[in-house]
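S.K.: Okay, here's the structure, questions in a sec.
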Amino acid sequence: MPTELLNKVKTRSKPRPQKFQVLLEKLNQRAALSPTEEDFLWEVYLYARDAHRGQRRQSGESYFEHPYQTALILADLHMDPITIAGGFLHDVIEDTNVNFADIAEKFGDDVAQLVEGVTKISGITFRNRQEEQADNFRKMLLSVATDIRVLIIKLADRLHNMQTLSSLPPIKQRRIAIETRDVYAPLAHRLGMFKLKSEMEDLVLKALDPDAYQFLEKKISEKRSEREKYIRVFTQPIEKALAEQSVKAQIFGRPKNFYSIYKKMKIRNKPFEEIYDLLAIRIIVDNKENCYAVLGIVHDLFIPVMDRFKDYIANHKVNFYQSIHTTVFGPSGRMVEIQIRTTEMNDIAEEGIAAHWRYKEGRDKPDDVDKYVKWLRDLIEVLQTESSGAKDFMDTLKIDLFKDEIFVFTPMGDLIRLPKGATPVDFAYEVHTEIGARCIGAKVDGKMVPLNSEIRSGQTIEIITSETHRPSYAWLKFVTTSKAIGAIKRYLRKTQFEESITLGKEILEKENQRNKTLRFLKTVQDSFEDMGFSELDKLYAAVGSGVLTVPQIYAKLFPQKQEELAKRDIDELFIETARKSIKGIKVQGISNLMVSFAKCCNPIPGDEILGFVSRGRGVIVHRNDCTNIPSLLEENERLLDVEWDIEGTQAFLVKLKIMAQERKKFLKDVTDIMANTDTNIISIDGDVDESIIHLTLVIQVENLRHLNKIFLKLQNVQGIISVERK
Ligand code: MN
């Protein structure tokens with residue numbers, strides 16, 4: 001036999017260690033692993049052991065013990081081999097020189113992504129102890145972990161850390177216990193993983209209040225035999241009746257977790273006995289019908305407490321928890337709580353999302369997956385609405401679940417929730433309106449970024465402010481939160497009047513420069529009352545906001561001058577006609593600012609437009625694609641978001657310049673296009689120069705789409721050289 005082959009046989013036949021067998025036994029309990037899966041896990045086992053070789057935990061034991069125990073906890077939850085592999089490898093990226101690519105190459109992308117996910121959330125530390133912050137922190141974990149299995153691995157990791165907490169220095173013990181209490185145990189609870197959660201909480205109690213823990217431990221063991229005896233007396237007749245009807249069932253006295261007894265004693269301020277004496281029993285059967293059969297038997301034997309009956313089988317809880325709950329008067333009048341459920345329901349009740357995940361496996365019918373996804377969505381919804389006020393609830397309605405939310409830190413470690421796409425300015429306003437208003441720069445994880453950059457979950461944002469800075473119109477272009485938009489708009493509205501005054505003054509001064517002989521400004525200042533204003537500032541504001549125009553002033557105060565102004569060239573006339581169809585221009589919701597239209601690009605209604613604030617002429621409106629815009633930006637002109645203020649559907653005038661090779665019927669083809677697109681021709685003018693037709697066409701269009709349609713058709717006309725909008 002060749003050596004190579006011999007080695008293979010040797011490797012294969014060499015017995016795998018007891019440690020690995022323990023893992024297999026746990027996994028095989030429910031459904032036997034295939035030989036390929038076993039081999040896969042063995043490879044993972046060896047890989048993790050080698051990667052951590054030489055590393056030791058604080059307790060002195062080999063580091064590999066930790067990922068191994070984490071994998072065992074996951075095996076208890078009967079997770080799939082990929083998740084078990086994730087558990088084995090969860091610390092290798094962080095603590096060894098293995099990287100994502102190494103894992104992906106050896107064990108596939110799925111495993112690598114799980115390990116990367118766990119590494120990512122382990123890197124985010126919980127720095128603030130407040131209740132509300134813990135809540136946000138959990139939500140952030142959910143938003144960062146794209147695969148729910150990442151959280152399940154993280155919880156298993158944390159459970160093992162709690163189990164081995166005593167080897168750490170006391171201060172560290174406390175910190176980890178508090179974090180477990182505030183973040184991970186509630187997260188396990190929300191994920192429905194009650195068994196894991198109870199164990200975590202008991203360990204938290206042991207770490208944070210060892211005296212109370214010992215007290216409970218002692219009390220419970222004292223009471224144990226008496227309690228067990230009572231349960232036997234209580235369950236005997238039930239067992240007998242079940243046997244008679246040949247219903248197979250398992251009956252358990254339900255263990256109570258230390259922490260929940262402790263909490264109830266504290267909250268209700270009652271002695272241990274009163275809380276502990278309430279007996280709880282669970283009956284597990286193999287199908288739903290038998291749940292009701294058992295219920296019938298129990299109610300037959302004992303008197304039920306009427307208002308304590310709940311059928312969560314017919315109506316499951318939000319998290320898909322199913323069970324029948326009933327409370328009856330047992331022997332000697334003691335109340336006994338009974339839960340009746342199937343094995344699957346019990347798994348889901350104890351393991352929550354882990355069980356869901358497992359039961360989802362192997363039946364990939366789309367409706368099951370949908371149901372699962374819906375459950376997750378419901379879960380997140382519960383997360384978001386719970387423990388938050390009405391205002392928050394309204395916000396939640398607007399934000400479409402966790403995919404669209406991010407969580408970022410303030411430099412102090414507070415968590416701020418924002419919608420996806422939020423910028424440092426949104427963050428600043430979320431922290432405080434004043435910080436928003438004064439923000440001039442931002443650092444993300446210590447690096448300066450532009451104010452319009454998108455921020456991401458887990459980042460720390462620091463806002464740089466300046467006392468003299470004010471909100472800017474330009475921010476409205478990129479802010480996403482209603483809080484920021486509202487505050488910026490409020491500020492702009494407040495200052496609009498003052499700005500209108502300044503602008504109006506400047507406009508009139510400029511006009512005065514041009515008409516010094518007229519004593520223009522002096523005349524206006526002297527006649528504000530004649531013009532119908534109670535004070536001069538109001539006249540300025542009217543000019544600044546465009547309510548009162550310079551031509552109107554001429555008409556009223558200088559009638560002779562007005563005629564001169566009326567003489568304008570044909571182009572200006574056209575543009576003016578085109579613009580007659582609109583009410584004006586809206587500057588981000590603010591109407592009536594003084595506006596004028598740039599001569600370089602002649603925007604008409606329907607064009608995408610931008611506004612620039614210029615001294616003297618108010619807001620100048622350009623087409624979005626105007627070639628002058630880059631230089632305007634360099635000159636630090638202030639950019640404004642403007643839109644046409646249009647009432648209903650109206651037709652706009654457009655002037656087209658067409659160039660084409662001279663040919664017969666060219667004009668007919670063009671006019672046919674107009675007829676076929678329902679376009680009115682206002683004027684048509686043309687000449688021929690060296691066999692090239694130059695045609696100027698003024699047409700009436702409904703909107704840009706209409707115009708684009710005409711453009712497309714014109715471009716296909718035979719002989720066409722160019723079609724241009726003027
Ligand atoms: Mn770990």
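Residues in the structure tokens are named by chain (A, B, ... in the order shown) and by number from 1 within that chain; ligands are numbered from 1 in the order shown.
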Find the nearest atom pair between each residue of chain A and ligand 1 for residues within 9 Å, count only C-alpha atoms and all ligand atoms, give distances in Å to one decimal, sort rows by chain and ascending number, and present the table as a tab-separated table.

M.R.:
residue	atom	partner	partner_atom_place_in_ligand_line	distance
A:His66	CA	ligand 1	1 (Mn)	6.7
A:Pro67	CA	ligand 1	1 (Mn)	6.4
A:Thr70	CA	ligand 1	1 (Mn)	7.7
A:Gly87	CA	ligand 1	1 (Mn)	8.5
A:His90	CA	ligand 1	1 (Mn)	6.3
A:Asp91	CA	ligand 1	1 (Mn)	5.4
A:Val118	CA	ligand 1	1 (Mn)	8.8
A:Thr119	CA	ligand 1	1 (Mn)	9.0
A:Ser122	CA	ligand 1	1 (Mn)	8.4
A:Lys154	CA	ligand 1	1 (Mn)	7.7
A:Ala156	CA	ligand 1	1 (Mn)	8.7
A:Asp157	CA	ligand 1	1 (Mn)	5.0
A:Arg158	CA	ligand 1	1 (Mn)	7.1
A:His160	CA	ligand 1	1 (Mn)	8.1
A:Asn161	CA	ligand 1	1 (Mn)	7.3

S.K.: Keeping all heavy atoms for every residue in the selection just given, could you write it to a file as a short mmCIF file (atom, residue, chain, number, x, y, z; two decimals), in the first residue's frame?

M.R.:
data_model
loop_
_atom_site.label_atom_id
_atom_site.label_comp_id
_atom_site.auth_asym_id
_atom_site.auth_seq_id
_atom_site.Cartn_x
_atom_site.Cartn_y
_atom_site.Cartn_z
N HIS A 66 -12.47 27.19 25.61
CA HIS A 66 -13.56 28.18 25.47
C HIS A 66 -14.35 27.99 24.17
O HIS A 66 -15.58 27.82 24.21
CB HIS A 66 -13.02 29.60 25.63
CG HIS A 66 -13.98 30.66 25.21
ND1 HIS A 66 -15.20 30.85 25.83
CD2 HIS A 66 -13.93 31.56 24.20
CE1 HIS A 66 -15.85 31.84 25.23
NE2 HIS A 66 -15.10 32.28 24.23
N PRO A 67 -13.71 28.02 23.00
CA PRO A 67 -14.50 27.77 21.78
C PRO A 67 -15.15 26.39 21.78
O PRO A 67 -16.26 26.24 21.25
CB PRO A 67 -13.48 27.90 20.64
CG PRO A 67 -12.15 28.00 21.26
CD PRO A 67 -12.33 28.43 22.68
N THR A 70 -18.22 26.65 23.86
CA THR A 70 -19.20 27.45 23.11
C THR A 70 -19.90 26.57 22.08
O THR A 70 -21.12 26.61 21.93
CB THR A 70 -18.48 28.63 22.42
OG1 THR A 70 -17.77 29.38 23.41
CG2 THR A 70 -19.47 29.53 21.70
N GLY A 87 -19.08 28.53 16.10
CA GLY A 87 -18.78 28.54 17.53
C GLY A 87 -17.33 28.15 17.81
O GLY A 87 -16.63 28.81 18.58
N HIS A 90 -15.09 31.10 16.59
CA HIS A 90 -15.54 32.48 16.78
C HIS A 90 -14.45 33.44 17.25
O HIS A 90 -14.57 34.64 17.03
CB HIS A 90 -16.77 32.54 17.71
CG HIS A 90 -16.43 32.44 19.17
ND1 HIS A 90 -16.39 31.25 19.84
CD2 HIS A 90 -16.13 33.40 20.08
CE1 HIS A 90 -16.07 31.47 21.11
NE2 HIS A 90 -15.91 32.77 21.28
N ASP A 91 -13.40 32.94 17.86
CA ASP A 91 -12.36 33.86 18.34
C ASP A 91 -11.09 33.87 17.48
O ASP A 91 -10.15 34.59 17.80
CB ASP A 91 -11.98 33.51 19.79
CG ASP A 91 -12.94 34.15 20.81
OD1 ASP A 91 -13.51 35.22 20.48
OD2 ASP A 91 -13.11 33.58 21.89
N VAL A 118 -19.44 37.62 14.39
CA VAL A 118 -19.22 37.57 15.84
C VAL A 118 -18.07 38.50 16.21
O VAL A 118 -18.14 39.24 17.20
CB VAL A 118 -18.93 36.13 16.32
CG1 VAL A 118 -18.65 36.11 17.82
CG2 VAL A 118 -20.11 35.21 16.00
N THR A 119 -17.01 38.49 15.39
CA THR A 119 -15.86 39.36 15.65
C THR A 119 -16.30 40.82 15.66
O THR A 119 -15.92 41.61 16.52
CB THR A 119 -14.78 39.16 14.56
OG1 THR A 119 -14.51 37.77 14.45
CG2 THR A 119 -13.51 39.90 14.91
N SER A 122 -18.40 41.66 18.72
CA SER A 122 -17.59 41.63 19.94
C SER A 122 -16.73 42.88 20.04
O SER A 122 -16.35 43.30 21.13
CB SER A 122 -16.69 40.39 19.96
OG SER A 122 -17.47 39.23 19.89
N LYS A 154 -22.92 34.39 19.57
CA LYS A 154 -22.48 35.38 20.55
C LYS A 154 -23.06 35.07 21.93
O LYS A 154 -22.38 35.20 22.95
CB LYS A 154 -22.90 36.78 20.07
CG LYS A 154 -22.48 37.91 20.99
CD LYS A 154 -20.97 38.08 21.06
CE LYS A 154 -20.55 38.79 22.34
NZ LYS A 154 -19.10 38.82 22.50
N ALA A 156 -24.01 32.12 23.05
CA ALA A 156 -23.35 30.92 23.57
C ALA A 156 -21.98 31.29 24.13
O ALA A 156 -21.58 30.85 25.22
CB ALA A 156 -23.22 29.87 22.46
N ASP A 157 -21.27 32.13 23.38
CA ASP A 157 -19.95 32.62 23.80
C ASP A 157 -20.06 33.31 25.17
O ASP A 157 -19.31 33.04 26.10
CB ASP A 157 -19.45 33.61 22.72
CG ASP A 157 -18.23 34.40 23.13
OD1 ASP A 157 -17.32 33.80 23.74
OD2 ASP A 157 -18.18 35.61 22.83
N ARG A 158 -21.07 34.19 25.29
CA ARG A 158 -21.24 34.93 26.52
C ARG A 158 -21.64 34.02 27.68
O ARG A 158 -21.19 34.19 28.81
CB ARG A 158 -22.28 36.04 26.31
CG ARG A 158 -22.62 36.83 27.56
CD ARG A 158 -21.40 37.32 28.32
NE ARG A 158 -20.53 38.20 27.57
CZ ARG A 158 -20.45 39.51 27.75
NH1 ARG A 158 -21.20 40.08 28.66
NH2 ARG A 158 -19.62 40.22 27.02
N HIS A 160 -20.77 30.96 28.12
CA HIS A 160 -19.57 30.28 28.63
C HIS A 160 -18.67 31.24 29.40
O HIS A 160 -18.08 30.86 30.41
CB HIS A 160 -18.79 29.57 27.52
CG HIS A 160 -17.62 28.80 28.07
ND1 HIS A 160 -16.31 29.14 27.81
CD2 HIS A 160 -17.58 27.75 28.94
CE1 HIS A 160 -15.51 28.31 28.49
NE2 HIS A 160 -16.26 27.45 29.17
N ASN A 161 -18.58 32.47 28.94
CA ASN A 161 -17.80 33.45 29.68
C ASN A 161 -18.36 33.65 31.09
O ASN A 161 -17.62 33.82 32.05
CB ASN A 161 -17.75 34.79 28.95
CG ASN A 161 -16.81 34.75 27.76
OD1 ASN A 161 -15.88 33.95 27.73
ND2 ASN A 161 -17.05 35.59 26.77
#

S.K.: Could you please write out, as a list in words, every residue of region 117-266 of chain A that DSSP assigns to strand (DSSP E or B)?

M.R.: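 Secondary structure check on region 117-266 of chain A, strand (DSSP E or B): Ala249, Gln250, Ile251, Phe252 and Gly253 of chain A.
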
S.K.: Name the residues in contact with Lys223 (chain A) at a cut-off of 12 Å, using only C-alpha atoms, excluding same-chain residues fewer than 4 positions from it; report them as a PyMOL selection string.

M.R.: chain A and resi 216-219+227-230+272-273+276-277+279

S.K.: Write a file of the just-selected residues containing C-alpha atoms, as a PDB file, in the first residue's frame.

M.R.:
ATOM      1  CA  LEU A 216     -31.749  31.004  47.534  1.00  0.00           C
ATOM      2  CA  GLU A 217     -29.633  27.968  46.853  1.00  0.00           C
ATOM      3  CA  LYS A 218     -29.927  26.924  50.504  1.00  0.00           C
ATOM      4  CA  LYS A 219     -33.656  27.623  50.746  1.00  0.00           C
ATOM      5  CA  ARG A 227     -41.853  20.006  46.984  1.00  0.00           C
ATOM      6  CA  GLU A 228     -41.032  16.869  45.046  1.00  0.00           C
ATOM      7  CA  LYS A 229     -43.327  14.855  47.288  1.00  0.00           C
ATOM      8  CA  TYR A 230     -46.225  17.201  46.641  1.00  0.00           C
ATOM      9  CA  PHE A 272     -39.193  33.586  49.620  1.00  0.00           C
ATOM     10  CA  GLU A 273     -41.856  31.079  50.687  1.00  0.00           C
ATOM     11  CA  TYR A 276     -41.529  29.721  45.788  1.00  0.00           C
ATOM     12  CA  ASP A 277     -44.612  27.876  47.007  1.00  0.00           C
ATOM     13  CA  LEU A 279     -45.964  25.107  42.085  1.00  0.00           C
TER      14      LEU A 279
END

S.K.: Might you pull out every residue within 8 Å of region 682-699 of chain A, with only C-alpha atoms counted and same-chain residues fewer than 2 positions away left off, and present them as a PyMOL selection string?

M.R.: chain A and resi 653-662+679-680+701

S.K.: Find the residue from A:Gly60, A:Glu511, A:Lys489, A:Val449 that sits nearest to Pro551 (chain A); use only C-alpha atoms when measuring.

M.R.: A:Glu511

S.K.: Using only C-alpha atoms, can you tell me which of A:Thr96, A:Asn703, A:Thr83, A:Thr164 comes closest to Arg149 (chain A)?

M.R.: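 Of all the options, A:Thr83 lies closest to Arg149 (chain A).
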
S.K.: Counting only C-alpha atoms, what is within 9 Å of Ala314 (chain A), bar same-chain residues fewer than 3 positions away, as a PDB file with N, CA and C atoms, in the first residue's frame?

M.R.:
ATOM      1  N   ASP A 311     -55.023  29.943  26.181  1.00  0.00           N
ATOM      2  CA  ASP A 311     -54.716  29.018  25.095  1.00  0.00           C
ATOM      3  C   ASP A 311     -53.803  29.699  24.076  1.00  0.00           C
ATOM      4  N   GLN A 322     -46.019  28.861  21.871  1.00  0.00           N
ATOM      5  CA  GLN A 322     -47.288  28.152  21.933  1.00  0.00           C
ATOM      6  C   GLN A 322     -47.324  27.256  23.159  1.00  0.00           C
ATOM      7  N   SER A 323     -48.455  27.237  23.841  1.00  0.00           N
ATOM      8  CA  SER A 323     -48.615  26.417  25.030  1.00  0.00           C
ATOM      9  C   SER A 323     -50.017  26.654  25.567  1.00  0.00           C
ATOM     10  N   ILE A 324     -50.515  25.689  26.344  1.00  0.00           N
ATOM     11  CA  ILE A 324     -51.743  25.957  27.090  1.00  0.00           C
ATOM     12  C   ILE A 324     -51.330  26.224  28.531  1.00  0.00           C
TER      13      ILE A 324
END

S.K.: One number please: CA of Asp445 (chain A) to CA of Ile176 (chain A), in Å, one decimal.

M.R.: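 Atom-to-atom, CA of Asp445 (chain A) to CA of Ile176 (chain A), that is 24.5 Å.
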
S.K.: Which one is closest to Leu640 (chain A): A:Val621, A:Ala188, A:Leu165, A:Ile673? Count only C-alpha atoms.

M.R.: A:Val621

S.K.: Which is closer to Ser198 (chain A) than all the others in A:Ala243, A:Pro170, A:Thr468, A:Ser260, using only C-alpha atoms?

M.R.: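 Checking each candidate against Ser198 (chain A), we get A:Ser260 as the closest.
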
S.K.: Could you name the residues that touch region 422-438 of chain A at 9 Å or less, counting only C-alpha atoms, but leaving out those on the same chain fewer than 3 positions away, as a ChimeraX atom specification?

M.R.: /A:406,408,410,416-419,441-444,449-456,461-472,475,478-485,487-488,491

S.K.: Using backbone DSSP assignments, extract all helix (DSSP H, G or I) residues from region 155-273 of chain A; output them as JSON, numbers by chain.

M.R.: {"A": [155, 156, 157, 158, 159, 160, 161, 162, 163, 165, 166, 167, 170, 171, 172, 173, 174, 175, 176, 177, 178, 179, 180, 181, 182, 183, 184, 185, 186, 187, 188, 189, 190, 194, 195, 196, 197, 198, 199, 200, 201, 202, 203, 204, 205, 206, 207, 208, 210, 211, 212, 213, 214, 215, 216, 217, 218, 219, 220, 221, 222, 223, 224, 225, 226, 227, 228, 229, 230, 231, 232, 233, 234, 235, 236, 237, 238, 239, 240, 241, 242, 243, 244, 258, 259, 260, 261, 262, 263, 264, 265, 266, 267, 268, 272, 273]}

S.K.: Do you know which residues are at most 12 Å from Leu114 (chain A) counting only C-alpha atoms, after dropping those on the same chain fewer than 3 positions away, and could you put them as a ChimeraX atom specification?

M.R.: /A:82-93,100,103-104,107-111,117-121,144-154

S.K.: Separation of CA of Phe711 (chain A) and CA of Trp644 (chain A), in Å?

M.R.: 22.2 Å

S.K.: Using only C-alpha atoms, which residue out of A:Lys248, A:Glu274, A:Leu74, A:Asp209 lies closest to Glu289 (chain A)?

M.R.: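 Between A:Lys248, A:Glu274, A:Leu74, A:Asp209, the residue approaching Glu289 (chain A) most closely is A:Lys248.
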